[in-house]
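S.K.: Contents of entry.cif (mmCIF, C-alpha atoms):
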data_work
loop_
_atom_site.label_atom_id
_atom_site.label_comp_id
_atom_site.auth_asym_id
_atom_site.auth_seq_id
_atom_site.Cartn_x
_atom_site.Cartn_y
_atom_site.Cartn_z
CA MET C 1 0.00 0.00 0.00
CA PHE C 2 2.71 2.45 1.05
CA GLY C 3 4.77 1.35 -1.96
CA ILE C 4 1.92 2.31 -4.29
CA ILE C 5 1.58 5.69 -2.56
CA ALA C 6 5.35 6.23 -2.91
CA LEU C 7 5.28 5.37 -6.62
CA GLY C 8 2.41 7.80 -7.15
CA ILE C 9 4.34 10.57 -5.41
CA VAL C 10 7.61 9.83 -7.27
CA ASN C 11 5.66 10.02 -10.53
CA THR C 12 3.90 13.28 -9.64
CA VAL C 13 7.02 15.04 -8.35
CA LEU C 14 9.26 13.74 -11.17
CA MET C 15 6.79 14.85 -13.84
CA SER C 16 6.59 18.27 -12.23
CA VAL C 17 10.41 18.50 -12.26
CA LEU C 18 10.69 17.49 -15.93
CA TYR C 19 7.82 19.75 -16.94
CA ARG C 20 9.31 22.69 -15.05
CA LYS C 21 12.90 22.19 -16.19
CA ARG C 22 13.02 25.73 -17.51
CA GLU C 23 11.83 27.15 -14.21
CA PHE C 24 14.50 25.27 -12.24
CA GLY C 25 17.08 26.31 -14.87
CA LEU C 26 16.02 29.93 -14.38
CA LEU C 27 16.29 29.67 -10.60
CA GLN C 28 19.84 28.36 -10.98
CA ALA C 29 20.71 31.09 -13.49
CA LEU C 30 19.48 33.64 -10.95
CA GLY C 31 21.69 32.19 -8.23
CA PHE C 32 20.01 29.13 -6.71
CA THR C 33 22.61 26.46 -5.89
CA PRO C 34 21.85 22.91 -7.10
CA ARG C 35 21.37 21.97 -3.44
CA GLN C 36 18.77 24.72 -2.91
CA THR C 37 16.93 23.51 -6.03
CA GLY C 38 16.87 19.96 -4.64
CA GLY C 39 15.70 21.25 -1.26
CA LEU C 40 12.87 23.11 -2.95
CA ILE C 41 11.66 19.91 -4.59
CA ILE C 42 11.83 17.88 -1.38
CA THR C 43 9.87 20.65 0.38
CA GLU C 44 7.28 20.54 -2.42
CA GLY C 45 7.03 16.73 -2.07
CA LEU C 46 6.57 17.08 1.67
CA ILE C 47 3.86 19.73 1.34
CA LEU C 48 2.15 17.57 -1.29
CA THR C 49 2.08 14.48 0.94
CA PHE C 50 1.26 16.40 4.11
CA VAL C 51 -1.68 18.30 2.62
CA SER C 52 -3.05 15.26 0.78
CA GLY C 53 -2.55 13.17 3.95
CA LEU C 54 -4.50 15.69 6.02
CA ILE C 55 -7.29 15.82 3.44
CA GLY C 56 -7.38 11.99 3.28
CA ILE C 57 -7.49 11.56 7.06
CA THR C 58 -10.15 14.26 7.55
CA LEU C 59 -12.28 12.81 4.78
CA GLY C 60 -11.81 9.27 6.13
CA LEU C 61 -12.78 10.28 9.65
CA PHE C 62 -15.81 12.18 8.43
CA LEU C 63 -17.04 9.35 6.20
CA THR C 64 -16.52 6.78 8.96
CA TRP C 65 -18.38 8.95 11.45
CA PHE C 66 -21.18 9.76 9.04
CA PHE C 67 -21.91 6.29 7.62
CA PHE C 68 -20.58 3.84 10.12
CA ARG C 69 -20.95 5.44 13.57
CA ASP C 70 -23.65 2.84 14.40
CA GLY C 71 -21.62 0.06 12.85
CA LEU C 72 -21.95 -1.83 9.60
CA ASP C 73 -24.90 -4.16 10.01
CA PHE C 74 -24.60 -7.60 8.39
CA SER C 75 -27.48 -9.12 10.35
CA PHE C 76 -29.35 -9.62 7.08
CA ALA C 77 -26.65 -12.17 6.17
CA TRP C 78 -26.07 -13.96 9.47
CA ASP C 79 -27.36 -13.85 12.99
CA GLU C 80 -25.57 -13.53 16.32
CA GLU C 81 -25.45 -17.28 16.77
CA TRP C 82 -23.35 -17.81 13.64
CA SER C 83 -19.76 -18.85 14.00
CA PHE C 84 -16.96 -19.76 11.68
CA SER C 85 -14.40 -22.40 12.72
CA GLY C 86 -15.51 -21.94 16.27
CA ILE C 87 -15.20 -18.13 16.23
CA ALA C 88 -18.42 -16.22 16.78
CA MET C 89 -18.83 -13.29 14.43
CA ASP C 90 -20.90 -10.30 15.50
CA PRO C 91 -23.07 -9.23 12.54
CA VAL C 92 -22.48 -5.55 13.40
CA PHE C 93 -18.98 -4.33 12.53
CA VAL C 94 -18.00 -1.27 14.55
CA PRO C 95 -15.08 0.87 13.34
CA LEU C 96 -12.37 1.34 15.92
CA PHE C 97 -10.74 4.78 16.12
CA ARG C 98 -7.21 5.02 17.45
CA THR C 99 -5.24 8.26 17.58
CA THR C 100 -1.98 6.30 17.34
CA ARG C 101 -3.10 4.92 13.95
CA VAL C 102 -3.71 8.44 12.63
CA ILE C 103 -0.31 9.62 13.88
CA GLN C 104 1.32 6.49 12.42
CA SER C 105 -0.21 7.26 9.00
CA LEU C 106 1.01 10.84 9.15
CA VAL C 107 4.54 9.75 10.06
CA PHE C 108 4.53 7.17 7.23
CA LEU C 109 3.31 9.81 4.80
CA PHE C 110 6.05 12.17 5.95
CA LEU C 111 8.70 9.50 5.37
CA ILE C 112 7.24 8.56 1.99
CA GLY C 113 7.16 12.26 1.06
CA VAL C 114 10.88 12.61 1.81
CA PHE C 115 12.00 9.37 0.17
CA ALA C 116 9.81 9.72 -2.91
CA SER C 117 11.17 13.23 -3.56
CA ILE C 118 14.85 12.32 -3.30
CA TYR C 119 15.20 11.00 -6.86
CA PRO C 120 13.27 13.88 -8.53
CA ALA C 121 15.32 16.32 -6.43
CA TYR C 122 18.54 14.64 -7.56
CA ARG C 123 17.38 14.94 -11.19
CA ALA C 124 16.72 18.65 -10.69
CA THR C 125 20.23 19.22 -9.34
CA ARG C 126 21.62 17.67 -12.54
CA ILE C 127 19.73 20.02 -14.91
CA ASP C 128 21.95 21.52 -17.59
CA VAL C 129 21.06 25.19 -17.05
CA ALA C 130 22.27 26.37 -20.47
CA GLU C 131 20.20 23.63 -22.13
CA ALA C 132 17.12 24.38 -19.99
CA MET C 133 17.24 28.07 -20.88
CA LYS C 134 17.57 27.50 -24.62
CA PHE C 135 14.94 29.48 -26.49
CA GLU C 136 12.40 27.20 -28.15
CA ARG C 137 10.42 28.44 -31.08
CA MET B 1 52.84 35.64 -18.29
CA ASN B 2 53.70 39.32 -17.97
CA VAL B 3 52.56 41.94 -15.45
CA THR B 4 50.13 43.62 -17.86
CA ASN B 5 48.25 40.38 -18.31
CA ILE B 6 47.84 39.90 -14.58
CA ASN B 7 46.56 43.47 -14.18
CA GLU B 8 44.10 43.07 -17.05
CA ARG B 9 42.79 39.90 -15.45
CA ASN B 10 42.18 41.65 -12.18
CA THR B 11 40.57 44.79 -13.56
CA ALA B 12 38.66 43.48 -16.59
CA ALA B 13 34.97 42.69 -16.19
CA VAL B 14 35.55 39.61 -18.33
CA ARG B 15 38.65 38.04 -19.77
CA THR B 16 38.73 34.84 -21.75
CA GLU B 17 41.81 33.11 -23.00
CA GLU B 18 41.72 30.51 -25.76
CA VAL B 19 38.26 29.31 -24.73
CA TRP B 20 36.85 26.28 -26.49
CA LYS B 21 33.50 24.61 -26.07
CA ILE B 22 33.00 21.28 -27.74
CA PHE B 23 29.70 19.41 -27.57
CA GLU B 24 29.66 15.68 -28.20
CA GLN B 25 26.64 14.94 -30.35
CA GLU B 26 26.16 11.27 -31.05
CA ALA B 27 29.07 10.29 -33.29
CA GLU B 28 30.31 13.76 -34.15
CA GLU B 29 31.62 16.61 -32.07
CA VAL B 30 30.44 20.20 -32.49
CA GLN B 31 32.96 22.97 -31.84
CA ALA B 32 30.57 25.72 -30.70
CA VAL B 33 33.31 28.09 -29.48
CA ARG B 34 36.80 27.86 -30.98
CA GLY B 35 39.68 29.52 -29.17
CA VAL B 36 38.07 32.83 -28.21
CA THR B 37 40.32 35.34 -26.46
CA LEU B 38 38.78 38.67 -25.44
CA VAL B 39 38.75 41.33 -22.75
CA ILE B 40 35.64 43.27 -21.74
CA GLU B 41 36.27 46.30 -19.58
CA PRO B 42 33.92 47.45 -16.81
CA GLY B 43 31.17 49.74 -18.13
CA GLU B 44 31.27 48.48 -21.71
CA PHE B 45 28.12 48.10 -23.83
CA VAL B 46 29.10 45.23 -26.09
CA ALA B 47 27.23 43.28 -28.73
CA MET B 48 28.39 39.84 -29.81
CA ALA B 49 26.79 39.31 -33.18
CA GLY B 50 26.61 36.49 -35.61
CA PRO B 51 24.22 34.17 -37.37
CA SER B 52 22.61 31.31 -35.47
CA GLY B 53 25.18 28.62 -34.78
CA SER B 54 27.99 31.18 -34.57
CA GLY B 55 28.53 30.39 -30.88
CA LYS B 56 27.38 33.71 -29.40
CA THR B 57 24.89 32.20 -26.94
CA THR B 58 27.38 29.50 -25.92
CA LEU B 59 30.03 32.17 -25.30
CA LEU B 60 27.53 34.14 -23.20
CA ASN B 61 26.68 31.00 -21.22
CA LEU B 62 30.38 30.32 -20.69
CA ILE B 63 30.97 33.85 -19.36
CA GLY B 64 27.95 33.50 -17.07
CA GLY B 65 29.14 30.15 -15.73
CA LEU B 66 26.03 28.34 -16.99
CA THR B 67 28.25 25.97 -18.89
CA ARG B 68 31.90 25.05 -18.42
CA PRO B 69 34.58 25.43 -21.09
CA SER B 70 36.14 22.35 -22.69
CA ARG B 71 39.47 24.18 -22.77
CA GLY B 72 40.77 27.64 -21.93
CA GLU B 73 40.29 30.05 -19.08
CA ILE B 74 37.61 32.59 -18.14
CA TRP B 75 37.97 35.28 -15.50
CA VAL B 76 35.08 37.39 -14.30
CA GLU B 77 36.24 40.37 -12.24
CA GLY B 78 39.60 38.70 -11.84
CA ARG B 79 38.19 35.37 -10.61
CA ASP B 80 38.86 32.19 -12.54
CA ILE B 81 35.37 30.76 -12.98
CA ALA B 82 36.50 27.43 -14.44
CA ALA B 83 38.05 26.65 -11.05
CA MET B 84 34.87 27.45 -9.11
CA SER B 85 32.59 24.82 -7.59
CA ASN B 86 28.91 24.80 -8.61
CA ARG B 87 28.07 26.48 -5.33
CA GLU B 88 30.63 29.26 -5.88
CA LEU B 89 29.36 29.75 -9.42
CA ALA B 90 25.79 30.10 -8.15
CA ARG B 91 26.97 32.66 -5.60
CA MET B 92 28.81 34.61 -8.30
CA ARG B 93 25.72 34.61 -10.55
CA LEU B 94 23.60 35.80 -7.65
CA GLU B 95 25.87 38.66 -6.65
CA ARG B 96 27.83 39.70 -9.74
CA ILE B 97 25.90 38.66 -12.87
CA GLY B 98 22.44 39.48 -14.18
CA PHE B 99 20.80 37.51 -16.98
CA ILE B 100 18.26 38.61 -19.57
CA PHE B 101 16.76 35.95 -21.84
CA GLN B 102 14.94 36.13 -25.14
CA ALA B 103 11.80 34.57 -23.68
CA TYR B 104 11.73 36.98 -20.67
CA ASN B 105 11.45 34.02 -18.27
CA LEU B 106 9.56 35.73 -15.51
CA LEU B 107 7.95 33.45 -12.92
CA PRO B 108 4.24 33.50 -13.87
CA VAL B 109 2.89 33.17 -10.33
CA LEU B 110 4.76 36.23 -9.06
CA THR B 111 3.84 39.87 -9.69
CA ALA B 112 6.17 42.18 -11.64
CA LEU B 113 7.54 43.57 -8.38
CA GLU B 114 8.05 40.12 -6.84
CA ASN B 115 9.82 38.92 -9.99
CA ALA B 116 12.09 41.96 -10.01
CA GLU B 117 12.99 41.68 -6.32
CA PHE B 118 13.70 37.94 -6.49
CA PRO B 119 17.53 38.19 -6.64
CA LEU B 120 17.46 40.52 -3.62
CA LEU B 121 15.33 37.99 -1.75
CA LEU B 122 17.95 35.32 -2.48
CA GLN B 123 20.66 37.73 -1.33
CA GLY B 124 18.86 38.12 1.99
CA VAL B 125 18.04 41.83 1.60
CA ASN B 126 15.16 42.83 3.91
CA GLY B 127 11.66 43.55 2.58
CA GLY B 128 11.69 47.34 3.02
CA GLU B 129 15.01 47.76 1.25
CA ARG B 130 13.96 45.36 -1.55
CA HIS B 131 10.78 47.30 -2.27
CA ARG B 132 12.59 50.62 -2.13
CA ARG B 133 15.21 49.52 -4.67
CA VAL B 134 12.73 47.85 -7.02
CA ARG B 135 10.26 50.75 -6.91
CA GLU B 136 13.06 53.20 -7.65
CA LEU B 137 13.99 51.19 -10.77
CA PHE B 138 10.32 50.90 -11.84
CA GLU B 139 10.08 54.68 -11.49
CA ARG B 140 13.30 55.31 -13.39
CA THR B 141 12.33 53.01 -16.26
CA GLY B 142 8.77 54.23 -16.72
CA MET B 143 7.24 51.07 -15.26
CA ALA B 144 5.68 52.70 -12.19
CA GLY B 145 2.09 51.56 -11.67
CA LEU B 146 2.68 48.08 -13.10
CA GLU B 147 4.29 46.60 -9.98
CA ASP B 148 1.33 44.45 -8.98
CA ARG B 149 0.60 42.95 -12.39
CA ARG B 150 1.48 39.37 -13.15
CA PRO B 151 3.55 38.66 -16.29
CA GLY B 152 0.44 37.44 -18.18
CA LYS B 153 -1.05 40.93 -17.85
CA LEU B 154 2.03 42.71 -19.24
CA SER B 155 3.05 43.21 -22.88
CA GLY B 156 6.23 41.54 -24.19
CA GLY B 157 8.12 44.82 -23.94
CA GLN B 158 6.96 45.38 -20.38
CA GLN B 159 7.88 41.82 -19.37
CA GLN B 160 11.35 42.28 -20.79
CA ARG B 161 11.70 45.55 -18.85
CA VAL B 162 10.85 43.67 -15.67
CA ALA B 163 13.51 41.09 -16.66
CA VAL B 164 16.03 43.93 -17.11
CA ILE B 165 15.13 45.36 -13.70
CA ARG B 166 15.54 41.87 -12.21
CA ALA B 167 18.96 41.63 -13.88
CA VAL B 168 20.26 44.96 -12.53
CA VAL B 169 18.52 45.22 -9.16
CA GLY B 170 21.25 43.33 -7.31
CA GLU B 171 23.79 45.82 -8.72
CA PRO B 172 25.79 43.20 -10.62
CA ALA B 173 29.05 44.01 -12.35
CA LEU B 174 27.86 42.36 -15.53
CA VAL B 175 24.55 41.86 -17.34
CA LEU B 176 24.45 39.14 -19.98
CA ALA B 177 21.55 39.45 -22.40
CA ASP B 178 20.75 36.71 -24.90
CA GLU B 179 18.74 38.09 -27.84
CA PRO B 180 16.81 40.45 -25.56
CA THR B 181 14.95 42.20 -28.38
CA ALA B 182 14.23 39.20 -30.62
CA ASN B 183 10.60 38.87 -29.51
CA LEU B 184 9.85 42.62 -29.51
CA ASP B 185 8.60 45.03 -32.14
CA ARG B 186 10.65 48.04 -33.17
CA ALA B 187 9.18 50.51 -30.69
CA ALA B 188 9.51 48.10 -27.75
CA SER B 189 13.09 47.21 -28.79
CA ASP B 190 14.09 50.88 -28.99
CA ALA B 191 12.52 51.59 -25.61
CA LEU B 192 14.31 48.60 -24.09
CA LEU B 193 17.65 49.68 -25.55
CA ASP B 194 17.12 53.24 -24.25
CA MET B 195 16.51 51.77 -20.81
CA MET B 196 19.61 49.57 -20.90
CA GLU B 197 21.80 52.43 -22.21
CA GLU B 198 20.57 54.62 -19.40
CA LEU B 199 21.29 51.97 -16.77
CA ASN B 200 24.74 51.41 -18.30
CA ARG B 201 25.43 55.15 -18.15
CA ASP B 202 23.97 55.83 -14.71
CA LEU B 203 24.95 52.68 -12.82
CA GLY B 204 28.08 51.77 -14.78
CA THR B 205 26.82 48.21 -15.30
CA THR B 206 28.61 46.31 -18.07
CA PHE B 207 26.18 44.96 -20.69
CA VAL B 208 27.06 42.11 -23.04
CA PHE B 209 24.53 41.12 -25.68
CA ALA B 210 24.33 38.08 -27.89
CA THR B 211 22.26 39.28 -30.82
CA HIS B 212 21.54 39.27 -34.49
CA ASP B 213 19.33 42.35 -34.26
CA PRO B 214 20.87 45.19 -36.35
CA ARG B 215 19.40 47.79 -33.95
CA VAL B 216 21.31 46.33 -31.02
CA MET B 217 24.48 46.18 -33.10
CA GLU B 218 24.05 49.82 -34.19
CA ARG B 219 23.65 51.06 -30.67
CA SER B 220 26.39 49.02 -29.03
CA ARG B 221 29.68 50.79 -28.45
CA ARG B 222 31.65 47.71 -29.33
CA LEU B 223 30.73 45.07 -31.85
CA ILE B 224 32.30 41.62 -31.79
CA ARG B 225 31.38 39.49 -34.79
CA LEU B 226 31.51 35.75 -34.39
CA VAL B 227 31.61 33.25 -37.22
CA ASP B 228 31.73 29.49 -36.64
CA GLY B 229 32.62 29.94 -32.99
CA ALA B 230 35.58 32.27 -33.55
CA ILE B 231 35.96 36.08 -33.45
CA GLU B 232 35.92 37.47 -36.98
CA SER B 233 36.10 41.16 -36.08
CA ASP B 234 36.11 43.33 -32.97
CA GLU B 235 35.45 47.04 -33.46
CA ARG B 236 34.99 49.79 -30.93
CA ARG B 237 33.13 52.96 -31.72
CA GLY B 238 31.73 55.97 -29.93
CA SER B 239 32.55 56.85 -26.39
CA GLU B 240 34.79 55.04 -23.95
CA PRO B 241 33.27 52.61 -21.46
CA VAL B 242 31.32 54.21 -18.63
CA ARG B 243 33.26 54.06 -15.36
#
Take the structure in this file and express it as C-alpha cells.
M.R.:
Amino acid sequence: MFGIIALGIVNTVLMSVLYRKREFGLLQALGFTPRQTGGLIITEGLILTFVSGLIGITLGLFLTWFFFRDGLDFSFAWDEEWSFSGIAMDPVFVPLFRTTRVIQSLVFLFLIGVFASIYPAYRATRIDVAEAMKFER
Amino acid sequence: MNVTNINERNTAAVRTEEVWKIFEQEAEEVQAVRGVTLVIEPGEFVAMAGPSGSGKTTLLNLIGGLTRPSRGEIWVEGRDIAAMSNRELARMRLERIGFIFQAYNLLPVLTALENAEFPLLLQGVNGGERHRRVRELFERTGMAGLEDRRPGKLSGGQQQRVAVIRAVVGEPALVLADEPTANLDRAASDALLDMMEELNRDLGTTFVFATHDPRVMERSRRLIRLVDGAIESDERRGSEPVR
C-alpha cells in the first residue's frame, strides 16, 4: 500500500520536475545552488504528501463517522449465533478509532514524502542550465 | 605571463583566453566556441553578433558560468570561474551577474515587483530595502504603476523591462543578455535599448549582448562578430566605457 503511494508521489514530483525544467534552470541562473533547487523539490514533495494526507485523514474520519458510527450491520446475512471455525462473528462491525493509527499514518506519509522526492530532487540538481534556458520556437 | 596580463585579469569585467566549447553529439563533435580570447572592460556596452550557430549564446553561457569550457580560461572580475565549484558559481551569478533571456522568463505566479525583487530575496536583503530599490527602478524606467501585475497581464516589452530590472537590481558588475529584443517590435526594442543604455550610463553596469538584431548592433559601443565559434572582427566605436 505504502509502496503504491510512494510510486504515485515519485511520478507526480518527477513529472513536475521534468515539466518545469526551464523554471529550475532559471532559478539556478538567478543564483540558486543545485542543493537549494533539490531542497525546494523535497519541500514541495513534503507539502504535497502532508496536505493530501491531512485531506485523506479528515475525509476518512468524516465518512466513517457519518456512515458507520452505528456500525456496519450484516445481520441480514447472518445472525448472532453464527460462528466460523468456532469463532463467533458479531453481525455488526464497529469501526475502531485510534489516535496512534492516525499519527502512524502521518509519520509514514512524511517518510514517503521525503524518500519519494529524493530522486526527482537529484534529477533537478543535474539540470543543464544552459540547455534548460535555450529558447524554443 | 607578464605583469600587464595579470593586471588586465584583475581589472577586466571579463577576460577569456583561448576558450573552447565542444559538444559531443552522437558520433560527431560540435565545436561551438573555438579559441576565443577577449577582454571586456567594466562599463562596456558590447554586442556579440553572428548568425545562429555562430557560438554567441554559448560564449555568453560560458561567461555566465552556466556551462563550463572544454578548454581555456575565463575570468570574471579577476576570478577564474573554471576553477569554481557549482556552489561558488551560483553565488557569483547571484551577486555579480544578471541575466536577460529572449523569452523573458519571468515566474508567472509572481507579480512584476516580486519577480524583479527575487535576486534581492535570495541575497537576503530585507523587505523594506527590496521594495525601495525595485520601486526606484520601476520609477526610473517608466514602469511605475505596473508593480502588482502578473507577467500574463504585461506586454512583451513590459515583461522584458521587468527582466532587465531583475537583472540589474542586485547591482551586478555584468549583465548578460541573450537576444533580448528578438521577440519585440521596433518601438519596444528601442525603448528597451534606451533603458539599458541609461542603466549602463547611470549605474556603470557592463552589458554584453548576444544578438543578431541590427538595432542592437548599431547602438552598441563595441561590436564583436563571431563566425563558426571564432571572433571574426572586434570594433569599438563611440565613447569610452562608462566608469
S.K.: When you get a sec, could you note down which chain B residues fall within 8 Å of chain C, using all atoms listed in the file, as a list in words?
M.R.: Asn61, Leu66, Thr67, Asn86, Arg87, Ala90, Arg91, Met92, Arg93, Leu94, Glu95, Gly98, Phe99, Phe101, Gln102, Ala103, Asn105, Leu107, Pro119 and Leu122 of chain B
S.K.: Apply the PyMOL selection byres ((chain B and resi 70-84) around 9) to the structure shown and report the selected residues as a PDB file with C-alpha atoms, in the frame of the given file.
M.R.:
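Contents of expr_15.pdb, as written:
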ATOM      1  CA  ILE B   6      47.840  39.900 -14.580  1.00  0.00           C
ATOM      2  CA  ASN B   7      46.560  43.470 -14.180  1.00  0.00           C
ATOM      3  CA  GLU B   8      44.100  43.070 -17.050  1.00  0.00           C
ATOM      4  CA  ARG B   9      42.790  39.900 -15.450  1.00  0.00           C
ATOM      5  CA  ASN B  10      42.180  41.650 -12.180  1.00  0.00           C
ATOM      6  CA  THR B  11      40.570  44.790 -13.560  1.00  0.00           C
ATOM      7  CA  ALA B  12      38.660  43.480 -16.590  1.00  0.00           C
ATOM      8  CA  ALA B  13      34.970  42.690 -16.190  1.00  0.00           C
ATOM      9  CA  VAL B  14      35.550  39.610 -18.330  1.00  0.00           C
ATOM     10  CA  ARG B  15      38.650  38.040 -19.770  1.00  0.00           C
ATOM     11  CA  THR B  16      38.730  34.840 -21.750  1.00  0.00           C
ATOM     12  CA  GLU B  17      41.810  33.110 -23.000  1.00  0.00           C
ATOM     13  CA  GLU B  18      41.720  30.510 -25.760  1.00  0.00           C
ATOM     14  CA  VAL B  19      38.260  29.310 -24.730  1.00  0.00           C
ATOM     15  CA  TRP B  20      36.850  26.280 -26.490  1.00  0.00           C
ATOM     16  CA  LYS B  21      33.500  24.610 -26.070  1.00  0.00           C
ATOM     17  CA  ILE B  22      33.000  21.280 -27.740  1.00  0.00           C
ATOM     18  CA  PHE B  23      29.700  19.410 -27.570  1.00  0.00           C
ATOM     19  CA  GLY B  35      39.680  29.520 -29.170  1.00  0.00           C
ATOM     20  CA  VAL B  36      38.070  32.830 -28.210  1.00  0.00           C
ATOM     21  CA  THR B  37      40.320  35.340 -26.460  1.00  0.00           C
ATOM     22  CA  PRO B  42      33.920  47.450 -16.810  1.00  0.00           C
ATOM     23  CA  LEU B  62      30.380  30.320 -20.690  1.00  0.00           C
ATOM     24  CA  ILE B  63      30.970  33.850 -19.360  1.00  0.00           C
ATOM     25  CA  GLY B  64      27.950  33.500 -17.070  1.00  0.00           C
ATOM     26  CA  GLY B  65      29.140  30.150 -15.730  1.00  0.00           C
ATOM     27  CA  ARG B  68      31.900  25.050 -18.420  1.00  0.00           C
ATOM     28  CA  PRO B  69      34.580  25.430 -21.090  1.00  0.00           C
ATOM     29  CA  SER B  85      32.590  24.820  -7.590  1.00  0.00           C
ATOM     30  CA  ASN B  86      28.910  24.800  -8.610  1.00  0.00           C
ATOM     31  CA  ARG B  87      28.070  26.480  -5.330  1.00  0.00           C
ATOM     32  CA  GLU B  88      30.630  29.260  -5.880  1.00  0.00           C
ATOM     33  CA  LEU B  89      29.360  29.750  -9.420  1.00  0.00           C
ATOM     34  CA  MET B  92      28.810  34.610  -8.300  1.00  0.00           C
ATOM     35  CA  ARG B  96      27.830  39.700  -9.740  1.00  0.00           C
ATOM     36  CA  ALA B 173      29.050  44.010 -12.350  1.00  0.00           C
ATOM     37  CA  LEU B 174      27.860  42.360 -15.530  1.00  0.00           C
TER      38      LEU B 174
END
S.K.: Ranking B:Pro108, B:Gly156, B:Ala163, B:Gly229 by minimum distance to Asn183 in chain B and counting all atoms listed in the file, which one comes first?
M.R.: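 Among the listed residues, the smallest separation from Asn183 in chain B belongs to B:Gly156.
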S.K.: Translate the PyMOL selection byres ((chain C and resi 111-125) around 6) into a concrete residue list for this structure, as a ChimeraX atom specification.
M.R.: /C:6,10,14,34,38,41-42,45-46,49,108-110,126-127
S.K.: When you count all atoms listed in the file, which of these residues is closest to Leu146 in chain B: B:Gln123, B:Thr111, B:Gln160, B:Ser189?
M.R.: B:Thr111
S.K.: Where does the PyMOL selection byres ((chain C and resi 92) around 12) land in this file, that is, which residues does it pick, as a count of residues only?
M.R.: 20
S.K.: Which of these, C:Val17, C:Ile9, C:Ile57, C:Ile87, has the shortest distance to Gln104 in chain C once you count all atoms listed in the file?
M.R.: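 Counting all atoms listed in the file, the residue closest to Gln104 in chain C is C:Ile57.
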S.K.: In Å to one decimal, how far is CA of Ser52 in chain B from CA of Glu29 in chain B?
M.R.: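 These two atoms are separated by 17.6 Å.
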S.K.: Using Å and a single decimal, report how far CA of Asp148 in chain B sits from CA of Ala112 in chain B.
M.R.: 6.0 Å
S.K.: For the atom pair CA of Ala47 in chain B and CA of Ala182 in chain B, what is the interatomic distance in Å to one decimal place?
M.R.: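 Distance reported for this atom pair: 13.8 Å.
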S.K.: Counting all atoms listed in the file, I want the residues whose atoms come within 10 Å of (29.5, 48.8, -14.0) in the file frame, returned as a tab-separated table (two decimals) with C-alpha atoms, in the coordinates of the input.
M.R.:
chain	number	residue	atom	x	y	z
B	13	ALA	CA	34.97	42.69	-16.19
B	41	GLU	CA	36.27	46.30	-19.58
B	42	PRO	CA	33.92	47.45	-16.81
B	43	GLY	CA	31.17	49.74	-18.13
B	44	GLU	CA	31.27	48.48	-21.71
B	45	PHE	CA	28.12	48.10	-23.83
B	171	GLU	CA	23.79	45.82	-8.72
B	172	PRO	CA	25.79	43.20	-10.62
B	173	ALA	CA	29.05	44.01	-12.35
B	174	LEU	CA	27.86	42.36	-15.53
B	175	VAL	CA	24.55	41.86	-17.34
B	199	LEU	CA	21.29	51.97	-16.77
B	200	ASN	CA	24.74	51.41	-18.30
B	201	ARG	CA	25.43	55.15	-18.15
B	202	ASP	CA	23.97	55.83	-14.71
B	203	LEU	CA	24.95	52.68	-12.82
B	204	GLY	CA	28.08	51.77	-14.78
B	205	THR	CA	26.82	48.21	-15.30
B	206	THR	CA	28.61	46.31	-18.07
B	207	PHE	CA	26.18	44.96	-20.69
B	241	PRO	CA	33.27	52.61	-21.46
B	242	VAL	CA	31.32	54.21	-18.63
B	243	ARG	CA	33.26	54.06	-15.36
S.K.: Name the closest residue to Arg101 in chain C among the candidates C:Glu44, C:Leu61, C:Arg20, C:Val13; distances are taken between atoms, counting all atoms listed in the file.
M.R.: C:Leu61
S.K.: Out of C:Val107, C:Leu18, C:Leu7, C:Leu40, which residue has the shortest atom-to-atom distance to Leu54 in chain C when counting only C-alpha atoms?
M.R.: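 Of all the options, C:Val107 lies closest to Leu54 in chain C.
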S.K.: Identify which of the residues B:Glu26, B:Glu198, B:Val208, B:Pro214 lies closest to Arg186 in chain B, counting all atoms listed in the file when measuring atom-to-atom distances.
M.R.: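 Once distances to Arg186 in chain B are computed over all atoms listed in the file, the minimum belongs to B:Pro214.
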S.K.: Could you pull out every residue with an atom within 8 Å of (13.1, 39.6, -10.3), file coordinates, counting all atoms listed in the file, and send them as a PyMOL selection string?
M.R.: chain B and resi 106+112-119+162-163+165-167+169
